[in-house]
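The next block is start_14.pdb, given as PDB, C-alpha atoms.
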ATOM      1  CA  MET K  16      -5.517  -8.409  -1.852  1.00  0.00           C
ATOM      2  CA  THR K  17      -2.709  -6.239  -0.555  1.00  0.00           C
ATOM      3  CA  TYR K  18       0.329  -7.545   1.291  1.00  0.00           C
ATOM      4  CA  TRP K  19       2.117  -6.042   4.275  1.00  0.00           C
ATOM      5  CA  LEU K  20       4.896  -6.752   6.735  1.00  0.00           C
ATOM      6  CA  VAL K  21       4.612  -6.165  10.477  1.00  0.00           C
ATOM      7  CA  LYS K  22       7.553  -6.278  12.838  1.00  0.00           C
ATOM      8  CA  SER K  23       7.764  -7.328  16.439  1.00  0.00           C
ATOM      9  CA  GLU K  24      10.648  -8.025  18.756  1.00  0.00           C
ATOM     10  CA  PRO K  25      10.140 -11.650  19.811  1.00  0.00           C
ATOM     11  CA  PHE K  26      10.775 -10.901  23.488  1.00  0.00           C
ATOM     12  CA  LYS K  27       7.866  -8.403  23.379  1.00  0.00           C
ATOM     13  CA  TYR K  28       5.450 -10.318  21.140  1.00  0.00           C
ATOM     14  CA  SER K  29       6.522 -13.362  19.161  1.00  0.00           C
ATOM     15  CA  TRP K  30       4.968 -15.466  16.428  1.00  0.00           C
ATOM     16  CA  ASP K  31       4.555 -18.262  18.988  1.00  0.00           C
ATOM     17  CA  GLN K  32       2.600 -15.902  21.246  1.00  0.00           C
ATOM     18  CA  LEU K  33       0.369 -14.862  18.345  1.00  0.00           C
ATOM     19  CA  LYS K  34      -0.264 -18.547  17.535  1.00  0.00           C
ATOM     20  CA  LYS K  35      -1.199 -19.140  21.174  1.00  0.00           C
ATOM     21  CA  ASP K  36      -3.453 -16.042  21.286  1.00  0.00           C
ATOM     22  CA  LYS K  37      -4.856 -16.803  17.796  1.00  0.00           C
ATOM     23  CA  GLN K  38      -5.408 -13.073  17.178  1.00  0.00           C
ATOM     24  CA  THR K  39      -4.241  -9.734  18.555  1.00  0.00           C
ATOM     25  CA  CYS K  40      -4.683  -5.993  18.419  1.00  0.00           C
ATOM     26  CA  TRP K  41      -1.704  -4.486  16.567  1.00  0.00           C
ATOM     27  CA  ASP K  42      -1.350  -1.299  18.590  1.00  0.00           C
ATOM     28  CA  GLY K  43       1.291   1.071  19.879  1.00  0.00           C
ATOM     29  CA  VAL K  44       2.557   2.124  16.434  1.00  0.00           C
ATOM     30  CA  ARG K  45       3.828   5.705  16.682  1.00  0.00           C
ATOM     31  CA  ASN K  46       5.386   6.342  13.274  1.00  0.00           C
ATOM     32  CA  TYR K  47       3.489   8.482  10.757  1.00  0.00           C
ATOM     33  CA  ALA K  48       4.368   6.368   7.705  1.00  0.00           C
ATOM     34  CA  ALA K  49       3.489   3.140   9.544  1.00  0.00           C
ATOM     35  CA  ARG K  50       0.183   4.729  10.626  1.00  0.00           C
ATOM     36  CA  LEU K  51      -0.684   5.402   6.980  1.00  0.00           C
ATOM     37  CA  HIS K  52      -0.046   1.738   6.214  1.00  0.00           C
ATOM     38  CA  LEU K  53      -2.241   0.606   9.119  1.00  0.00           C
ATOM     39  CA  ARG K  54      -5.029   2.845   7.813  1.00  0.00           C
ATOM     40  CA  ALA K  55      -4.668   1.318   4.335  1.00  0.00           C
ATOM     41  CA  MET K  56      -4.996  -2.290   5.534  1.00  0.00           C
ATOM     42  CA  LYS K  57      -8.209  -4.039   4.552  1.00  0.00           C
ATOM     43  CA  LYS K  58      -9.902  -7.060   6.070  1.00  0.00           C
ATOM     44  CA  GLY K  59      -8.474 -10.175   4.406  1.00  0.00           C
ATOM     45  CA  ASP K  60      -5.111  -8.604   3.512  1.00  0.00           C
ATOM     46  CA  GLU K  61      -2.105 -10.697   4.515  1.00  0.00           C
ATOM     47  CA  ALA K  62       0.905  -9.487   6.473  1.00  0.00           C
ATOM     48  CA  LEU K  63       4.258 -11.177   6.855  1.00  0.00           C
ATOM     49  CA  PHE K  64       5.271 -11.463  10.522  1.00  0.00           C
ATOM     50  CA  TYR K  65       8.898 -10.415  11.024  1.00  0.00           C
ATOM     51  CA  HIS K  66      10.957 -10.947  14.166  1.00  0.00           C
ATOM     52  CA  SER K  67      13.065  -7.817  14.566  1.00  0.00           C
ATOM     53  CA  ASN K  68      16.224  -7.303  16.639  1.00  0.00           C
ATOM     54  CA  GLU K  69      16.354 -11.009  17.630  1.00  0.00           C
ATOM     55  CA  GLY K  70      16.155 -13.505  14.809  1.00  0.00           C
ATOM     56  CA  LEU K  71      15.827 -10.950  11.994  1.00  0.00           C
ATOM     57  CA  GLU K  72      13.577 -13.195   9.953  1.00  0.00           C
ATOM     58  CA  ILE K  73      10.102 -13.546   8.532  1.00  0.00           C
ATOM     59  CA  VAL K  74       8.453 -16.424  10.368  1.00  0.00           C
ATOM     60  CA  GLY K  75       4.764 -16.415   9.488  1.00  0.00           C
ATOM     61  CA  ILE K  76       1.765 -14.964   7.697  1.00  0.00           C
ATOM     62  CA  THR K  77      -1.069 -13.123   9.405  1.00  0.00           C
ATOM     63  CA  LYS K  78      -4.455 -11.964   8.116  1.00  0.00           C
ATOM     64  CA  ILE K  79      -6.030  -8.617   8.842  1.00  0.00           C
ATOM     65  CA  ILE K  80      -9.366  -9.319  10.549  1.00  0.00           C
ATOM     66  CA  ARG K  81     -10.352  -5.785  11.621  1.00  0.00           C
ATOM     67  CA  GLU K  82      -9.519  -2.585   9.790  1.00  0.00           C
ATOM     68  CA  ALA K  83      -8.098   0.536  11.436  1.00  0.00           C
ATOM     69  CA  TYR K  84      -9.770   1.812  14.596  1.00  0.00           C
ATOM     70  CA  PRO K  85      -8.617   4.134  17.403  1.00  0.00           C
ATOM     71  CA  ASP K  86      -5.551   2.733  19.161  1.00  0.00           C
ATOM     72  CA  PRO K  87      -6.702   1.692  22.662  1.00  0.00           C
ATOM     73  CA  THR K  88      -3.245   2.422  24.133  1.00  0.00           C
ATOM     74  CA  THR K  89      -3.608   6.195  23.726  1.00  0.00           C
ATOM     75  CA  ASP K  90      -6.193   8.959  24.045  1.00  0.00           C
ATOM     76  CA  ASP K  91      -4.758  10.615  20.931  1.00  0.00           C
ATOM     77  CA  ASP K  92      -7.262   9.800  18.174  1.00  0.00           C
ATOM     78  CA  ARG K  93      -4.647  10.262  15.441  1.00  0.00           C
ATOM     79  CA  TRP K  94      -3.191   6.804  16.167  1.00  0.00           C
ATOM     80  CA  VAL K  95      -4.823   3.597  14.976  1.00  0.00           C
ATOM     81  CA  ALA K  96      -4.618  -0.149  15.474  1.00  0.00           C
ATOM     82  CA  VAL K  97      -5.740  -3.149  13.441  1.00  0.00           C
ATOM     83  CA  ASP K  98      -6.566  -6.681  14.517  1.00  0.00           C
ATOM     84  CA  LEU K  99      -4.748  -9.583  12.950  1.00  0.00           C
ATOM     85  CA  LYS K 100      -4.768 -13.313  13.357  1.00  0.00           C
ATOM     86  CA  ALA K 101      -2.156 -15.985  12.893  1.00  0.00           C
ATOM     87  CA  HIS K 102      -2.681 -17.605   9.515  1.00  0.00           C
ATOM     88  CA  GLN K 103       0.280 -19.794   8.618  1.00  0.00           C
ATOM     89  CA  LYS K 104       3.772 -20.470   9.903  1.00  0.00           C
ATOM     90  CA  LEU K 105       6.423 -20.472   7.173  1.00  0.00           C
ATOM     91  CA  LYS K 106       7.970 -23.879   6.419  1.00  0.00           C
ATOM     92  CA  LYS K 107      11.336 -22.240   6.975  1.00  0.00           C
ATOM     93  CA  PRO K 108      12.019 -18.716   8.239  1.00  0.00           C
ATOM     94  CA  VAL K 109      13.348 -16.214   5.705  1.00  0.00           C
ATOM     95  CA  SER K 110      16.284 -14.303   7.152  1.00  0.00           C
ATOM     96  CA  LEU K 111      17.012 -10.640   6.523  1.00  0.00           C
ATOM     97  CA  ASP K 112      20.404 -11.713   5.204  1.00  0.00           C
ATOM     98  CA  SER K 113      18.838 -13.948   2.546  1.00  0.00           C
ATOM     99  CA  ILE K 114      16.387 -11.183   1.623  1.00  0.00           C
ATOM    100  CA  LYS K 115      19.234  -8.700   1.167  1.00  0.00           C
ATOM    101  CA  LYS K 116      21.166 -11.190  -0.979  1.00  0.00           C
ATOM    102  CA  ASP K 117      18.247 -11.834  -3.339  1.00  0.00           C
ATOM    103  CA  LYS K 118      18.386  -9.233  -6.129  1.00  0.00           C
ATOM    104  CA  ARG K 119      14.648  -9.661  -6.748  1.00  0.00           C
ATOM    105  CA  LEU K 120      14.045  -8.095  -3.315  1.00  0.00           C
ATOM    106  CA  ALA K 121      16.444  -5.143  -3.665  1.00  0.00           C
ATOM    107  CA  ASN K 122      13.562  -2.647  -3.629  1.00  0.00           C
ATOM    108  CA  MET K 123      11.635  -4.275  -0.784  1.00  0.00           C
ATOM    109  CA  ALA K 124      10.793  -1.789   1.980  1.00  0.00           C
ATOM    110  CA  LEU K 125      12.415  -4.129   4.520  1.00  0.00           C
ATOM    111  CA  VAL K 126      15.728  -3.567   2.725  1.00  0.00           C
ATOM    112  CA  ARG K 127      15.292   0.146   1.967  1.00  0.00           C
ATOM    113  CA  LEU K 128      13.392   1.293   5.078  1.00  0.00           C
ATOM    114  CA  GLY K 129      14.667  -1.134   7.666  1.00  0.00           C
ATOM    115  CA  ARG K 130      13.289   0.644  10.740  1.00  0.00           C
ATOM    116  CA  LEU K 131       9.684   1.016   9.569  1.00  0.00           C
ATOM    117  CA  SER K 132       7.485  -1.261  11.719  1.00  0.00           C
ATOM    118  CA  VAL K 133       4.567  -1.603   9.283  1.00  0.00           C
ATOM    119  CA  GLN K 134       5.318  -1.625   5.580  1.00  0.00           C
ATOM    120  CA  PRO K 135       3.852  -2.584   2.220  1.00  0.00           C
ATOM    121  CA  VAL K 136       4.979  -5.683   0.333  1.00  0.00           C
ATOM    122  CA  THR K 137       4.328  -6.093  -3.390  1.00  0.00           C
ATOM    123  CA  ALA K 138       2.696  -9.254  -4.726  1.00  0.00           C
ATOM    124  CA  GLU K 139       5.981 -10.084  -6.488  1.00  0.00           C
ATOM    125  CA  GLU K 140       7.974  -9.665  -3.255  1.00  0.00           C
ATOM    126  CA  PHE K 141       5.442 -11.792  -1.377  1.00  0.00           C
ATOM    127  CA  GLY K 142       5.859 -14.504  -4.000  1.00  0.00           C
ATOM    128  CA  VAL K 143       9.652 -14.459  -3.691  1.00  0.00           C
ATOM    129  CA  ILE K 144       9.387 -14.688   0.104  1.00  0.00           C
ATOM    130  CA  MET K 145       7.062 -17.700  -0.265  1.00  0.00           C
ATOM    131  CA  GLU K 146       9.610 -19.286  -2.621  1.00  0.00           C
ATOM    132  CA  LEU K 147      12.473 -18.667  -0.157  1.00  0.00           C
ATOM    133  CA  ALA K 148      10.311 -20.136   2.619  1.00  0.00           C
ATOM    134  CA  GLY K 149       9.765 -23.320   0.607  1.00  0.00           C
ATOM    135  CA  MET K 150       6.066 -22.613   0.179  1.00  0.00           C
ATOM    136  CA  SER K 151       5.623 -22.051  -3.541  1.00  0.00           C
TER     137      SER K 151
END

In structure tokens, what does this structure look like?
Amino acid sequence: MTYWLVKSEPFKYSWDQLKKDKQTCWDGVRNYAARLHLRAMKKGDEALFYHSNEGLEIVGITKIIREAYPDPTTDDDRWVAVDLKAHQKLKKPVSLDSIKKDKRLANMALVRLGRLSVQPVTAEEFGVIMELAGMS
């Protein structure tokens, strides 16, 4: 299994909305690096759900339920979307500040490439996040 992180501003699409919807199409991504990550996602992979701009914290875990397909929000076939579903809310959110303070996460893409909306997470980083969330 591969791990990822997806970002959403809570006022646009929050973890609570995903829980209510149960699943969603992750579309509208218009960054080339993020597009490569979407294309690499496989069914069953897990993605951390991060509230950006407001909150600045990882709040839940999603599962990829449909691999990359043409993004329905554009006619440009270069852009893709994936479907994901809410899997598990974290016992306690993991703030960006606590991530930056943890030396084990110094190389995490969230720290190094803060603006990237879809990014890879190593198994070790995922484990540390689970520990910080009180879930290990």

Between CA of Arg81 in chain K and CA of Leu51 in chain K, what is the distance, to one decimal in Å?
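Straight-line distance from CA of Arg81 in chain K to CA of Leu51 in chain K works out to 15.5 Å.
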
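From CA of Lys106 in chain K back to CA of Met150 in chain K, the distance works out to 6.6 Å.
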
Mind giving me the straight-line distance from CA of His66 in chain K to CA of Ser23 in chain K in Å, one decimal?
5.3 Å

Counting all atoms listed in the file, what is within 12 Å of range 114-121 of chain K, bar same-chain residues fewer than 5 positions away, as a ChimeraX atom specification?
/K:71-73,108-109,126-129,136-148

For the structure provided, state which residues fall under the PyMOL selection byres ((chain K and resi 63) around 6), and present them as a PyMOL selection string.
chain K and resi 20+62+64+75-76

How about saving the chosen residues, C-alpha atoms kept, as a PDB file, in the coordinates of the input?
ATOM      1  CA  LEU K  20       4.896  -6.752   6.735  1.00  0.00           C
ATOM      2  CA  ALA K  62       0.905  -9.487   6.473  1.00  0.00           C
ATOM      3  CA  PHE K  64       5.271 -11.463  10.522  1.00  0.00           C
ATOM      4  CA  GLY K  75       4.764 -16.415   9.488  1.00  0.00           C
ATOM      5  CA  ILE K  76       1.765 -14.964   7.697  1.00  0.00           C
TER       6      ILE K  76
END

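The nearest approach to Tyr65 in chain K among the residues K:Trp30, K:Tyr84, K:Trp94, K:Trp41, with all atoms listed in the file taken into account, belongs to K:Trp30.
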
Which residue gives the smallest distance to Ala49 in chain K among K:His102, K:Ile79, K:Lys22, K:Glu61, with all atoms listed in the file counted?
K:Lys22

Judged by all atoms listed in the file, the minimum distance to Ala55 in chain K among K:Gly70, K:Gly43, K:Pro87, K:Pro135 is found for K:Pro135

Using all atoms listed in the file, pick whichever of K:Leu99, K:Cys40, K:Met123, K:Val133 has the shortest atom-to-atom distance to Gly59 in chain K.
K:Leu99
